[in-house]
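Dumped target35.cif below, it's mmCIF, C-alpha atoms and all ligand atoms:
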data_entry
loop_
_atom_site.group_PDB
_atom_site.id
_atom_site.type_symbol
_atom_site.label_atom_id
_atom_site.label_comp_id
_atom_site.auth_asym_id
_atom_site.auth_seq_id
_atom_site.Cartn_x
_atom_site.Cartn_y
_atom_site.Cartn_z
ATOM 1 C CA MET A 1 24.488 8.527 -44.413
ATOM 2 C CA LYS A 2 21.350 7.072 -42.849
ATOM 3 C CA LYS A 3 21.921 3.593 -41.468
ATOM 4 C CA ILE A 4 19.135 1.487 -39.988
ATOM 5 C CA GLU A 5 19.618 -1.409 -37.625
ATOM 6 C CA ARG A 6 16.971 -4.056 -36.892
ATOM 7 C CA ARG A 7 16.908 -7.109 -34.690
ATOM 8 C CA ALA A 8 15.422 -10.231 -36.290
ATOM 9 C CA TYR A 9 14.175 -12.468 -33.473
ATOM 10 C CA ALA A 10 13.935 -16.267 -33.611
ATOM 11 C CA LYS A 11 10.757 -18.181 -32.764
ATOM 12 C CA ILE A 12 9.892 -21.438 -31.070
ATOM 13 C CA ASN A 13 6.678 -23.432 -31.379
ATOM 14 C CA LEU A 14 5.001 -23.989 -28.018
ATOM 15 C CA GLY A 15 2.643 -26.247 -29.957
ATOM 16 C CA LEU A 16 2.672 -27.574 -33.514
ATOM 17 C CA ASP A 17 -0.134 -29.567 -35.089
ATOM 18 C CA VAL A 18 -0.653 -30.554 -38.708
ATOM 19 C CA ILE A 19 -4.338 -30.790 -39.577
ATOM 20 C CA ARG A 20 -3.993 -32.304 -43.042
ATOM 21 C CA ARG A 21 -1.989 -32.445 -46.213
ATOM 22 C CA ARG A 22 -3.818 -30.528 -48.898
ATOM 23 C CA PRO A 23 -4.118 -31.981 -52.406
ATOM 24 C CA ASP A 24 -1.682 -29.282 -53.611
ATOM 25 C CA GLY A 25 0.983 -30.648 -51.217
ATOM 26 C CA TYR A 26 0.840 -27.806 -48.668
ATOM 27 C CA HIS A 27 0.243 -28.732 -45.036
ATOM 28 C CA GLU A 28 -2.515 -27.089 -43.061
ATOM 29 C CA VAL A 29 -1.128 -26.285 -39.623
ATOM 30 C CA LYS A 30 -2.280 -25.140 -36.214
ATOM 31 C CA MET A 31 0.645 -23.780 -34.250
ATOM 32 C CA ILE A 32 1.456 -21.563 -31.295
ATOM 33 C CA MET A 33 4.338 -19.310 -32.302
ATOM 34 C CA GLN A 34 6.442 -17.498 -29.728
ATOM 35 C CA THR A 35 9.259 -14.989 -30.189
ATOM 36 C CA VAL A 36 12.378 -15.677 -28.079
ATOM 37 C CA GLY A 37 15.424 -13.591 -27.182
ATOM 38 C CA ILE A 38 17.874 -14.927 -29.776
ATOM 39 C CA TYR A 39 18.293 -12.563 -32.700
ATOM 40 C CA ASP A 40 20.210 -11.715 -35.853
ATOM 41 C CA VAL A 41 21.138 -8.079 -36.468
ATOM 42 C CA LEU A 42 20.555 -6.560 -39.903
ATOM 43 C CA THR A 43 21.799 -3.138 -40.960
ATOM 44 C CA PHE A 44 20.468 -1.285 -43.982
ATOM 45 C CA LYS A 45 22.232 1.468 -45.919
ATOM 46 C CA LYS A 46 21.429 3.114 -49.232
ATOM 47 C CA MET A 47 24.050 2.333 -51.859
ATOM 48 C CA GLU A 48 25.209 5.177 -54.060
ATOM 49 C CA GLY A 49 26.184 5.010 -57.743
ATOM 50 C CA THR A 50 25.126 1.433 -58.412
ATOM 51 C CA GLY A 51 25.160 2.026 -62.174
ATOM 52 C CA ASN A 52 24.276 -1.197 -63.941
ATOM 53 C CA SER A 53 25.248 -3.459 -61.089
ATOM 54 C CA SER A 54 22.775 -5.133 -58.760
ATOM 55 C CA LEU A 55 20.586 -2.950 -56.560
ATOM 56 C CA ILE A 56 20.903 -5.317 -53.617
ATOM 57 C CA ARG A 57 24.163 -6.228 -51.919
ATOM 58 C CA ILE A 58 24.296 -8.567 -48.936
ATOM 59 C CA GLN A 59 27.239 -9.067 -46.627
ATOM 60 C CA MET A 60 27.541 -11.433 -43.728
ATOM 61 C CA GLU A 61 29.603 -10.523 -40.698
ATOM 62 C CA LYS A 62 31.309 -13.728 -39.752
ATOM 63 C CA LYS A 63 31.819 -14.285 -36.051
ATOM 64 C CA GLU A 64 34.703 -16.207 -34.595
ATOM 65 C CA ASN A 65 34.014 -19.964 -34.323
ATOM 66 C CA GLN A 66 30.961 -19.691 -36.559
ATOM 67 C CA GLY A 67 30.825 -23.030 -38.310
ATOM 68 C CA GLU A 68 27.912 -22.440 -40.609
ATOM 69 C CA SER A 69 27.884 -19.935 -43.405
ATOM 70 C CA LEU A 70 25.186 -18.770 -45.767
ATOM 71 C CA PRO A 71 25.351 -17.779 -49.394
ATOM 72 C CA CYS A 72 24.834 -14.011 -49.768
ATOM 73 C CA ASP A 73 23.413 -14.426 -53.273
ATOM 74 C CA LYS A 74 19.886 -14.506 -54.701
ATOM 75 C CA SER A 75 19.092 -17.694 -52.739
ATOM 76 C CA ASN A 76 19.269 -15.791 -49.450
ATOM 77 C CA LEU A 77 15.809 -14.941 -48.114
ATOM 78 C CA ILE A 78 17.090 -11.434 -47.381
ATOM 79 C CA TYR A 79 17.723 -10.956 -51.091
ATOM 80 C CA LYS A 80 14.343 -12.436 -52.025
ATOM 81 C CA ALA A 81 12.505 -10.121 -49.619
ATOM 82 C CA ALA A 82 14.427 -7.011 -50.706
ATOM 83 C CA ASP A 83 13.916 -7.834 -54.380
ATOM 84 C CA LEU A 84 10.162 -8.322 -53.927
ATOM 85 C CA ILE A 85 9.716 -5.106 -51.931
ATOM 86 C CA MET A 86 11.815 -2.986 -54.298
ATOM 87 C CA GLU A 87 10.076 -4.380 -57.367
ATOM 88 C CA THR A 88 6.612 -3.878 -55.815
ATOM 89 C CA CYS A 89 7.351 -0.337 -54.608
ATOM 90 C CA GLY A 90 9.309 0.700 -57.696
ATOM 91 C CA ILE A 91 12.543 1.521 -55.861
ATOM 92 C CA THR A 92 15.491 2.233 -58.128
ATOM 93 C CA GLU A 93 18.072 3.142 -55.493
ATOM 94 C CA GLY A 94 20.455 0.464 -54.253
ATOM 95 C CA VAL A 95 20.622 -1.046 -50.774
ATOM 96 C CA GLU A 96 23.416 -2.685 -48.840
ATOM 97 C CA ILE A 97 22.324 -5.113 -46.128
ATOM 98 C CA THR A 98 24.691 -6.524 -43.526
ATOM 99 C CA LEU A 99 23.726 -9.624 -41.564
ATOM 100 C CA GLN A 100 25.156 -10.657 -38.240
ATOM 101 C CA LYS A 101 23.920 -14.236 -37.828
ATOM 102 C CA ASN A 102 23.307 -15.499 -34.306
ATOM 103 C CA ILE A 103 20.279 -17.753 -34.856
ATOM 104 C CA PRO A 104 21.323 -21.335 -35.646
ATOM 105 C CA ILE A 105 20.690 -22.135 -39.322
ATOM 106 C CA ALA A 106 18.149 -24.789 -40.405
ATOM 107 C CA ALA A 107 17.227 -25.264 -36.776
ATOM 108 C CA GLY A 108 13.425 -24.951 -36.649
ATOM 109 C CA MET A 109 13.687 -21.386 -35.356
ATOM 110 C CA ALA A 110 12.628 -19.552 -38.541
ATOM 111 C CA GLY A 111 16.046 -17.927 -38.926
ATOM 112 C CA GLY A 112 15.595 -17.206 -42.630
ATOM 113 C CA SER A 113 11.965 -16.069 -42.308
ATOM 114 C CA THR A 114 12.765 -13.637 -39.512
ATOM 115 C CA ASP A 115 15.609 -12.107 -41.532
ATOM 116 C CA ALA A 116 13.171 -11.654 -44.429
ATOM 117 C CA ALA A 117 10.656 -10.044 -42.040
ATOM 118 C CA ALA A 118 13.335 -7.632 -40.789
ATOM 119 C CA VAL A 119 13.950 -6.593 -44.411
ATOM 120 C CA PHE A 120 10.317 -5.468 -44.659
ATOM 121 C CA HIS A 121 10.621 -3.263 -41.568
ATOM 122 C CA GLY A 122 14.123 -2.058 -42.505
ATOM 123 C CA LEU A 123 13.346 -1.055 -46.083
ATOM 124 C CA LYS A 124 10.070 0.592 -45.042
ATOM 125 C CA GLU A 125 12.059 2.877 -42.763
ATOM 126 C CA LEU A 126 15.039 3.382 -45.090
ATOM 127 C CA PHE A 127 12.964 4.355 -48.122
ATOM 128 C CA GLY A 128 9.971 5.829 -46.232
ATOM 129 C CA LEU A 129 7.548 3.313 -47.761
ATOM 130 C CA SER A 130 3.847 3.607 -47.018
ATOM 131 C CA MET A 131 3.210 -0.142 -46.427
ATOM 132 C CA ASN A 132 1.447 -0.994 -43.167
ATOM 133 C CA VAL A 133 1.904 -4.268 -41.273
ATOM 134 C CA GLU A 134 -1.021 -5.933 -43.086
ATOM 135 C CA ASP A 135 0.455 -4.971 -46.503
ATOM 136 C CA MET A 136 3.810 -6.382 -45.415
ATOM 137 C CA LYS A 137 2.243 -9.646 -44.213
ATOM 138 C CA ARG A 138 0.352 -10.079 -47.497
ATOM 139 C CA LEU A 139 3.563 -9.612 -49.480
ATOM 140 C CA GLY A 140 5.688 -11.585 -47.020
ATOM 141 C CA VAL A 141 3.824 -14.859 -47.514
ATOM 142 C CA GLN A 142 5.250 -14.942 -51.066
ATOM 143 C CA ILE A 143 8.701 -15.414 -49.481
ATOM 144 C CA GLY A 144 7.664 -18.076 -46.975
ATOM 145 C CA ALA A 145 4.725 -19.268 -44.864
ATOM 146 C CA ASP A 146 6.361 -18.153 -41.583
ATOM 147 C CA VAL A 147 7.269 -14.647 -42.821
ATOM 148 C CA PRO A 148 3.886 -12.998 -41.979
ATOM 149 C CA TYR A 149 4.190 -14.248 -38.388
ATOM 150 C CA CYS A 150 7.791 -12.986 -38.153
ATOM 151 C CA ILE A 151 6.628 -9.553 -39.379
ATOM 152 C CA MET A 152 4.234 -9.309 -36.423
ATOM 153 C CA GLY A 153 6.157 -11.320 -33.765
ATOM 154 C CA GLY A 154 5.092 -12.028 -30.185
ATOM 155 C CA THR A 155 2.669 -14.839 -29.342
ATOM 156 C CA ALA A 156 0.259 -16.001 -32.034
ATOM 157 C CA LEU A 157 -1.988 -18.831 -33.128
ATOM 158 C CA SER A 158 -0.981 -19.655 -36.680
ATOM 159 C CA GLN A 159 -3.359 -21.472 -39.029
ATOM 160 C CA GLY A 160 -3.854 -22.111 -42.741
ATOM 161 C CA ILE A 161 -0.373 -22.724 -44.154
ATOM 162 C CA GLY A 162 0.916 -20.354 -41.462
ATOM 163 C CA GLU A 163 -0.475 -17.099 -42.802
ATOM 164 C CA VAL A 164 -3.754 -16.943 -40.812
ATOM 165 C CA LEU A 165 -2.606 -15.310 -37.595
ATOM 166 C CA THR A 166 -4.434 -14.530 -34.367
ATOM 167 C CA PRO A 167 -2.541 -12.762 -31.564
ATOM 168 C CA VAL A 168 -2.861 -14.468 -28.164
ATOM 169 C CA PRO A 169 -1.652 -13.275 -24.739
ATOM 170 C CA ALA A 170 2.060 -13.738 -24.050
ATOM 171 C CA PRO A 171 3.077 -16.468 -21.594
ATOM 172 C CA PRO A 172 4.006 -15.464 -18.049
ATOM 173 C CA GLU A 173 7.666 -14.778 -17.285
ATOM 174 C CA ALA A 174 9.853 -17.874 -17.573
ATOM 175 C CA TYR A 175 13.353 -18.912 -18.633
ATOM 176 C CA LEU A 176 14.149 -20.993 -21.647
ATOM 177 C CA LEU A 177 17.017 -23.317 -22.337
ATOM 178 C CA ILE A 178 17.388 -23.659 -26.102
ATOM 179 C CA ALA A 179 19.804 -26.188 -27.576
ATOM 180 C CA LYS A 180 20.512 -27.113 -31.178
ATOM 181 C CA PRO A 181 22.333 -30.420 -31.659
ATOM 182 C CA ASP A 182 25.060 -30.398 -34.273
ATOM 183 C CA ILE A 183 22.988 -32.117 -36.973
ATOM 184 C CA SER A 184 21.093 -30.901 -40.023
ATOM 185 C CA VAL A 185 17.443 -31.766 -40.465
ATOM 186 C CA SER A 186 15.657 -31.272 -43.755
ATOM 187 C CA THR A 187 12.200 -29.749 -43.213
ATOM 188 C CA LYS A 188 11.125 -31.398 -46.489
ATOM 189 C CA TYR A 189 12.149 -34.855 -45.211
ATOM 190 C CA VAL A 190 10.234 -34.390 -41.958
ATOM 191 C CA TYR A 191 6.996 -33.328 -43.655
ATOM 192 C CA GLU A 192 7.294 -36.088 -46.277
ATOM 193 C CA ASN A 193 7.567 -38.691 -43.521
ATOM 194 C CA LEU A 194 4.755 -37.327 -41.376
ATOM 195 C CA HIS A 195 1.737 -38.989 -43.113
ATOM 196 C CA ALA A 196 -0.385 -36.056 -41.985
ATOM 197 C CA ASN A 197 -3.737 -37.518 -42.995
ATOM 198 C CA THR A 198 -3.444 -40.601 -40.756
ATOM 199 C CA LEU A 199 -2.161 -39.073 -37.499
ATOM 200 C CA THR A 200 -3.792 -40.578 -34.416
ATOM 201 C CA TRP A 201 -2.499 -38.038 -31.866
ATOM 202 C CA HIS A 202 -2.792 -34.253 -31.904
ATOM 203 C CA PRO A 203 -1.528 -31.708 -29.364
ATOM 204 C CA ASP A 204 -4.190 -29.686 -27.530
ATOM 205 C CA ILE A 205 -3.666 -26.330 -29.250
ATOM 206 C CA ASP A 206 -7.068 -24.933 -28.134
ATOM 207 C CA GLY A 207 -6.154 -25.869 -24.553
ATOM 208 C CA MET A 208 -2.809 -24.093 -25.002
ATOM 209 C CA VAL A 209 -4.623 -20.916 -26.099
ATOM 210 C CA GLU A 210 -6.797 -21.166 -22.965
ATOM 211 C CA ALA A 211 -3.717 -21.673 -20.755
ATOM 212 C CA LEU A 212 -2.151 -18.559 -22.332
ATOM 213 C CA LYS A 213 -5.323 -16.560 -21.669
ATOM 214 C CA LEU A 214 -5.264 -17.761 -18.051
ATOM 215 C CA GLY A 215 -1.550 -16.929 -17.740
ATOM 216 C CA SER A 216 -0.837 -20.437 -16.437
ATOM 217 C CA LEU A 217 2.760 -21.514 -17.054
ATOM 218 C CA GLN A 218 1.945 -24.995 -15.751
ATOM 219 C CA GLY A 219 -1.020 -25.221 -18.160
ATOM 220 C CA ILE A 220 1.189 -24.136 -21.049
ATOM 221 C CA ALA A 221 3.907 -26.642 -20.135
ATOM 222 C CA GLU A 222 1.401 -29.505 -19.859
ATOM 223 C CA ARG A 223 0.057 -28.848 -23.357
ATOM 224 C CA MET A 224 3.368 -28.509 -25.196
ATOM 225 C CA GLY A 225 3.337 -30.906 -28.161
ATOM 226 C CA ASN A 226 4.663 -31.161 -31.708
ATOM 227 C CA VAL A 227 3.491 -33.757 -34.253
ATOM 228 C CA LEU A 228 6.772 -33.450 -36.168
ATOM 229 C CA GLU A 229 8.787 -34.530 -33.147
ATOM 230 C CA LYS A 230 8.260 -38.288 -33.625
ATOM 231 C CA VAL A 231 9.553 -38.161 -37.208
ATOM 232 C CA THR A 232 12.727 -36.258 -36.327
ATOM 233 C CA GLU A 233 13.314 -38.095 -33.019
ATOM 234 C CA LYS A 234 13.225 -41.470 -34.766
ATOM 235 C CA GLU A 235 16.066 -40.358 -37.027
ATOM 236 C CA TYR A 236 18.019 -38.459 -34.349
ATOM 237 C CA PRO A 237 17.832 -39.924 -30.790
ATOM 238 C CA VAL A 238 19.847 -36.943 -29.503
ATOM 239 C CA ILE A 239 16.546 -35.009 -29.489
ATOM 240 C CA SER A 240 15.014 -37.391 -26.921
ATOM 241 C CA ARG A 241 18.243 -37.263 -24.887
ATOM 242 C CA LEU A 242 18.138 -33.474 -24.804
ATOM 243 C CA LYS A 243 14.509 -33.419 -23.667
ATOM 244 C CA GLU A 244 15.233 -35.966 -20.930
ATOM 245 C CA GLU A 245 18.239 -33.988 -19.678
ATOM 246 C CA MET A 246 16.306 -30.720 -19.645
ATOM 247 C CA LYS A 247 13.467 -32.308 -17.674
ATOM 248 C CA ALA A 248 15.851 -34.130 -15.326
ATOM 249 C CA HIS A 249 17.336 -30.701 -14.544
ATOM 250 C CA GLY A 250 14.084 -29.009 -13.594
ATOM 251 C CA ALA A 251 12.293 -28.087 -16.834
ATOM 252 C CA LEU A 252 8.504 -27.938 -16.504
ATOM 253 C CA ASN A 253 8.546 -29.544 -19.948
ATOM 254 C CA ALA A 254 10.751 -29.758 -23.046
ATOM 255 C CA LEU A 255 9.909 -29.946 -26.752
ATOM 256 C CA MET A 256 11.407 -29.874 -30.225
ATOM 257 C CA SER A 257 10.734 -26.625 -32.135
ATOM 258 C CA GLY A 258 9.431 -26.677 -35.731
ATOM 259 C CA SER A 259 10.884 -29.569 -37.723
ATOM 260 C CA GLY A 260 13.911 -29.550 -35.417
ATOM 261 C CA PRO A 261 16.497 -30.309 -34.383
ATOM 262 C CA THR A 262 16.382 -27.480 -31.800
ATOM 263 C CA VAL A 263 14.944 -28.465 -28.411
ATOM 264 C CA PHE A 264 13.767 -26.042 -25.726
ATOM 265 C CA GLY A 265 12.940 -26.461 -22.052
ATOM 266 C CA ILE A 266 10.848 -24.085 -19.903
ATOM 267 C CA TYR A 267 12.037 -23.164 -16.385
ATOM 268 C CA ARG A 268 10.565 -21.038 -13.625
ATOM 269 C CA GLU A 269 13.981 -19.948 -12.321
ATOM 270 C CA LYS A 270 16.950 -18.612 -14.284
ATOM 271 C CA GLU A 271 19.357 -20.431 -11.987
ATOM 272 C CA THR A 272 17.732 -23.803 -12.782
ATOM 273 C CA ALA A 273 17.948 -23.084 -16.512
ATOM 274 C CA GLU A 274 21.631 -22.212 -16.122
ATOM 275 C CA LYS A 275 22.353 -25.451 -14.273
ATOM 276 C CA ALA A 276 20.606 -27.382 -17.029
ATOM 277 C CA TYR A 277 22.713 -25.454 -19.586
ATOM 278 C CA ALA A 278 25.883 -26.680 -17.855
ATOM 279 C CA ALA A 279 24.619 -30.283 -17.845
ATOM 280 C CA VAL A 280 23.702 -30.251 -21.548
ATOM 281 C CA GLU A 281 27.036 -28.654 -22.442
ATOM 282 C CA LYS A 282 29.024 -31.162 -20.378
ATOM 283 C CA LEU A 283 27.350 -34.091 -22.121
ATOM 284 C CA GLY A 284 28.163 -32.570 -25.521
ATOM 285 C CA LEU A 285 24.558 -32.925 -26.682
ATOM 286 C CA ALA A 286 24.454 -29.579 -28.491
ATOM 287 C CA ARG A 287 26.778 -26.979 -29.902
ATOM 288 C CA ASP A 288 24.539 -23.932 -29.863
ATOM 289 C CA ILE A 289 23.042 -23.490 -26.378
ATOM 290 C CA PHE A 290 21.243 -20.429 -24.996
ATOM 291 C CA VAL A 291 19.438 -19.371 -21.840
ATOM 292 C CA THR A 292 16.878 -16.777 -22.808
ATOM 293 C CA GLU A 293 13.294 -15.554 -22.312
ATOM 294 C CA PHE A 294 10.030 -15.037 -24.179
ATOM 295 C CA ILE A 295 9.891 -11.724 -26.060
ATOM 296 C CA SER A 296 6.845 -9.559 -26.737
ATOM 297 C CA PRO A 297 7.036 -6.808 -29.365
HETATM 298 P P1 LIG B 301 11.760 -22.912 -40.148
HETATM 299 O O1 LIG B 301 11.648 -22.895 -38.650
HETATM 300 O O2 LIG B 301 10.955 -21.784 -40.787
HETATM 301 O O3 LIG B 301 11.554 -24.254 -40.753
HETATM 302 P P2 LIG B 301 14.575 -23.131 -40.056
HETATM 303 O O4 LIG B 301 15.018 -22.476 -38.788
HETATM 304 O O5 LIG B 301 14.402 -24.624 -40.006
HETATM 305 O O6 LIG B 301 13.234 -22.466 -40.512
HETATM 306 P P3 LIG B 301 16.311 -21.511 -41.626
HETATM 307 O O7 LIG B 301 17.408 -21.167 -40.675
HETATM 308 O O8 LIG B 301 15.317 -20.477 -41.942
HETATM 309 O O9 LIG B 301 15.565 -22.843 -41.173
HETATM 310 O O10 LIG B 301 17.035 -22.058 -42.934
HETATM 311 C C1 LIG B 301 16.385 -22.861 -43.876
HETATM 312 C C2 LIG B 301 17.183 -22.777 -45.172
HETATM 313 O O11 LIG B 301 17.032 -21.476 -45.717
HETATM 314 C C3 LIG B 301 18.660 -23.021 -44.965
HETATM 315 O O12 LIG B 301 19.013 -24.173 -45.652
HETATM 316 C C4 LIG B 301 19.350 -21.801 -45.534
HETATM 317 O O13 LIG B 301 20.384 -22.122 -46.428
HETATM 318 C C5 LIG B 301 18.271 -21.026 -46.277
HETATM 319 N N1 LIG B 301 18.374 -19.558 -46.042
HETATM 320 C C6 LIG B 301 18.251 -18.608 -46.967
HETATM 321 N N2 LIG B 301 18.402 -17.386 -46.436
HETATM 322 C C7 LIG B 301 18.612 -17.534 -45.124
HETATM 323 C C8 LIG B 301 18.857 -16.648 -44.050
HETATM 324 N N3 LIG B 301 18.916 -15.330 -44.219
HETATM 325 N N4 LIG B 301 19.038 -17.182 -42.817
HETATM 326 C C9 LIG B 301 18.975 -18.521 -42.629
HETATM 327 N N5 LIG B 301 18.769 -19.422 -43.620
HETATM 328 C C10 LIG B 301 18.589 -18.942 -44.867
#

What is this file in structure tokens?
Amino acid sequence: MKKIERRAYAKINLGLDVIRRRPDGYHEVKMIMQTVGIYDVLTFKKMEGTGNSSLIRIQMEKKENQGESLPCDKSNLIYKAADLIMETCGITEGVEITLQKNIPIAAGMAGGSTDAAAVFHGLKELFGLSMNVEDMKRLGVQIGADVPYCIMGGTALSQGIGEVLTPVPAPPEAYLLIAKPDISVSTKYVYENLHANTLTWHPDIDGMVEALKLGSLQGIAERMGNVLEKVTEKEYPVISRLKEEMKAHGALNALMSGSGPTVFGIYREKETAEKAYAAVEKLGLARDIFVTEFISP
């Protein structure tokens, strides 16, 4: 039977600004999104003879030493995406989706959104749906603000609540050290404590776009900034420690991604990134640590 496999890549934010808090509570953002080489693997298979039982079954392949686990029920974004697509497209056949989770959970790397995005691509292929990328993005925003970006991937300027996307040139080749400290950060808490309408400092996102167009890694590194960092750092000093260590070991710059707690550093040489990996690991600052690269679709 036909089986489809898709990689769901994680993202980092090279820049993250919050323009304002709208009266309806949503935050208007201006972010530079970048796909990186850490990914979950989803497999899709049609399910035969579902009878009256649910049309969507999700299984998680648990890896050895995997501390975190996810519910495979209706709260999983994979379920929500599959349900929305099948309802919209009138699909009555069942689907079985298996998830191999490699992206740290609740880390600021859009792990749930990218899984949901992979469901769009996977089900389109499995059921031969006629949706194009724009259709998928329009539907995807109902699952989460980062889902449209995850459907397209690569390097993008993200505005509005995250759904207004403009592709920008990919950064030049570089190596990334990505480390997630063993703490849980609530995105809701971070945004609630941001006081978006009275911020006095904003990262130079327009300058970052220019640096990307020029292909200047130094220019990109100099403009890395995230307004959410101060809120999370205040609560969890390990984030500042990680950034300091990464920079002390040769990073051009280091930053927290999304609402955290994941921190990434940018390196010109793989060897330097690997040495920094060893230093961060030795100090016990993070449990999930990766050396990886930028990914373009
Ligand atoms: P973002 O960068 O978009 O803020 P995140 O990396 O901080 O995302 P996720 O890993 O997407 O956070 O997880 C956020 C919450 O979503 C978790 O509490 C988790 O229980 C829930 N969730 C539901 N489905 C998934 C999924 N497939 N993968 C990861 N988390 C999921």

| Test item: the PyMOL selection byres (((not hetatm)) within 10 of (chain B and resi 301)) resolved as a VMD selection string | chain A and resid 10 to 13 40 42 58 60 68 to 81 99 to 116 144 to 147 150 184 to 188 257 to 262

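Nearest to Arg57 in chain A of all the residues A:Thr98, A:Ser216, A:Asn132, A:Thr35 is A:Thr98, counting all atoms listed in the file.
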
Please evaluate the PyMOL selection byres (((chain A and resi 82) around 12) and not hetatm) against the structure above and give the resulting residues as a PDB file with C-alpha atoms, in the coordinates of the input.
ATOM      1  CA  PHE A  44      20.468  -1.285 -43.982  1.00  0.00           C
ATOM      2  CA  SER A  54      22.775  -5.133 -58.760  1.00  0.00           C
ATOM      3  CA  LEU A  55      20.586  -2.950 -56.560  1.00  0.00           C
ATOM      4  CA  ILE A  56      20.903  -5.317 -53.617  1.00  0.00           C
ATOM      5  CA  ARG A  57      24.163  -6.228 -51.919  1.00  0.00           C
ATOM      6  CA  ILE A  58      24.296  -8.567 -48.936  1.00  0.00           C
ATOM      7  CA  ASP A  73      23.413 -14.426 -53.273  1.00  0.00           C
ATOM      8  CA  LYS A  74      19.886 -14.506 -54.701  1.00  0.00           C
ATOM      9  CA  SER A  75      19.092 -17.694 -52.739  1.00  0.00           C
ATOM     10  CA  ASN A  76      19.269 -15.791 -49.450  1.00  0.00           C
ATOM     11  CA  LEU A  77      15.809 -14.941 -48.114  1.00  0.00           C
ATOM     12  CA  ILE A  78      17.090 -11.434 -47.381  1.00  0.00           C
ATOM     13  CA  TYR A  79      17.723 -10.956 -51.091  1.00  0.00           C
ATOM     14  CA  LYS A  80      14.343 -12.436 -52.025  1.00  0.00           C
ATOM     15  CA  ALA A  81      12.505 -10.121 -49.619  1.00  0.00           C
ATOM     16  CA  ASP A  83      13.916  -7.834 -54.380  1.00  0.00           C
ATOM     17  CA  LEU A  84      10.162  -8.322 -53.927  1.00  0.00           C
ATOM     18  CA  ILE A  85       9.716  -5.106 -51.931  1.00  0.00           C
ATOM     19  CA  MET A  86      11.815  -2.986 -54.298  1.00  0.00           C
ATOM     20  CA  GLU A  87      10.076  -4.380 -57.367  1.00  0.00           C
ATOM     21  CA  THR A  88       6.612  -3.878 -55.815  1.00  0.00           C
ATOM     22  CA  CYS A  89       7.351  -0.337 -54.608  1.00  0.00           C
ATOM     23  CA  GLY A  90       9.309   0.700 -57.696  1.00  0.00           C
ATOM     24  CA  ILE A  91      12.543   1.521 -55.861  1.00  0.00           C
ATOM     25  CA  THR A  92      15.491   2.233 -58.128  1.00  0.00           C
ATOM     26  CA  GLU A  93      18.072   3.142 -55.493  1.00  0.00           C
ATOM     27  CA  GLY A  94      20.455   0.464 -54.253  1.00  0.00           C
ATOM     28  CA  VAL A  95      20.622  -1.046 -50.774  1.00  0.00           C
ATOM     29  CA  GLU A  96      23.416  -2.685 -48.840  1.00  0.00           C
ATOM     30  CA  ILE A  97      22.324  -5.113 -46.128  1.00  0.00           C
ATOM     31  CA  ASP A 115      15.609 -12.107 -41.532  1.00  0.00           C
ATOM     32  CA  ALA A 116      13.171 -11.654 -44.429  1.00  0.00           C
ATOM     33  CA  ALA A 117      10.656 -10.044 -42.040  1.00  0.00           C
ATOM     34  CA  ALA A 118      13.335  -7.632 -40.789  1.00  0.00           C
ATOM     35  CA  VAL A 119      13.950  -6.593 -44.411  1.00  0.00           C
ATOM     36  CA  PHE A 120      10.317  -5.468 -44.659  1.00  0.00           C
ATOM     37  CA  HIS A 121      10.621  -3.263 -41.568  1.00  0.00           C
ATOM     38  CA  GLY A 122      14.123  -2.058 -42.505  1.00  0.00           C
ATOM     39  CA  LEU A 123      13.346  -1.055 -46.083  1.00  0.00           C
ATOM     40  CA  LYS A 124      10.070   0.592 -45.042  1.00  0.00           C
ATOM     41  CA  LEU A 126      15.039   3.382 -45.090  1.00  0.00           C
ATOM     42  CA  PHE A 127      12.964   4.355 -48.122  1.00  0.00           C
ATOM     43  CA  MET A 136       3.810  -6.382 -45.415  1.00  0.00           C
ATOM     44  CA  LEU A 139       3.563  -9.612 -49.480  1.00  0.00           C
ATOM     45  CA  GLY A 140       5.688 -11.585 -47.020  1.00  0.00           C
ATOM     46  CA  ILE A 143       8.701 -15.414 -49.481  1.00  0.00           C
TER      47      ILE A 143
END

| query | CA of Glu210 in chain A to CA of Arg223 in chain A: how many Å, to one decimal? | reply | 10.3 Å

| request: Using the chain letters and numbers from the file, give me the residues hit by the PyMOL selection byres (((chain A and resi 239) around 12) and not hetatm), as a PyMOL selection string. | output: chain A and resi 178-183+185+228-238+240-246+254-257+259-265+280+285-286

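Interatomic distance, CA of Tyr9 in chain A to CA of Pro171 in chain A: 16.7 Å.
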
| field | Point-to-point distance from CA of His27 in chain A to CA of Ile161 in chain A, Å rounded to tenths | value | 6.1 Å

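Of the residues listed (A:Ala248, A:Leu129, A:Leu157, A:Ala8), A:Ala8 shows the shortest atom-to-atom separation from Ile38 in chain A; distances use only C-alpha atoms.
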
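In this comparison, which uses all atoms listed in the file, the residue of A:Gly153, A:Pro169, A:Gly160, A:Gly207 approaching Ile295 in chain A most closely is A:Gly153.
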
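Minimum atom-to-atom distances from A:Val133, A:Gln142, A:Val18, A:Leu199 to Gln159 in chain A were compared using all atoms listed in the file, and the lowest value belongs to A:Val18.
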
Tell me which protein, DNA and RNA residues are within 7 Å of range 267-278 of chain A, counting all atoms listed in the file, leaving out same-chain ones fewer than 6 positions away, and put them as an mmCIF file with C-alpha atoms, in the frame of the given file.
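The result, written out as around33.cif:
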data_model
loop_
_atom_site.group_PDB
_atom_site.id
_atom_site.type_symbol
_atom_site.label_atom_id
_atom_site.label_comp_id
_atom_site.auth_asym_id
_atom_site.auth_seq_id
_atom_site.Cartn_x
_atom_site.Cartn_y
_atom_site.Cartn_z
ATOM 1 C CA ALA A 174 9.853 -17.874 -17.573
ATOM 2 C CA TYR A 175 13.353 -18.912 -18.633
ATOM 3 C CA LEU A 176 14.149 -20.993 -21.647
ATOM 4 C CA LEU A 177 17.017 -23.317 -22.337
ATOM 5 C CA MET A 246 16.306 -30.720 -19.645
ATOM 6 C CA HIS A 249 17.336 -30.701 -14.544
ATOM 7 C CA GLY A 250 14.084 -29.009 -13.594
ATOM 8 C CA ALA A 251 12.293 -28.087 -16.834
ATOM 9 C CA LEU A 252 8.504 -27.938 -16.504
ATOM 10 C CA VAL A 291 19.438 -19.371 -21.840
#
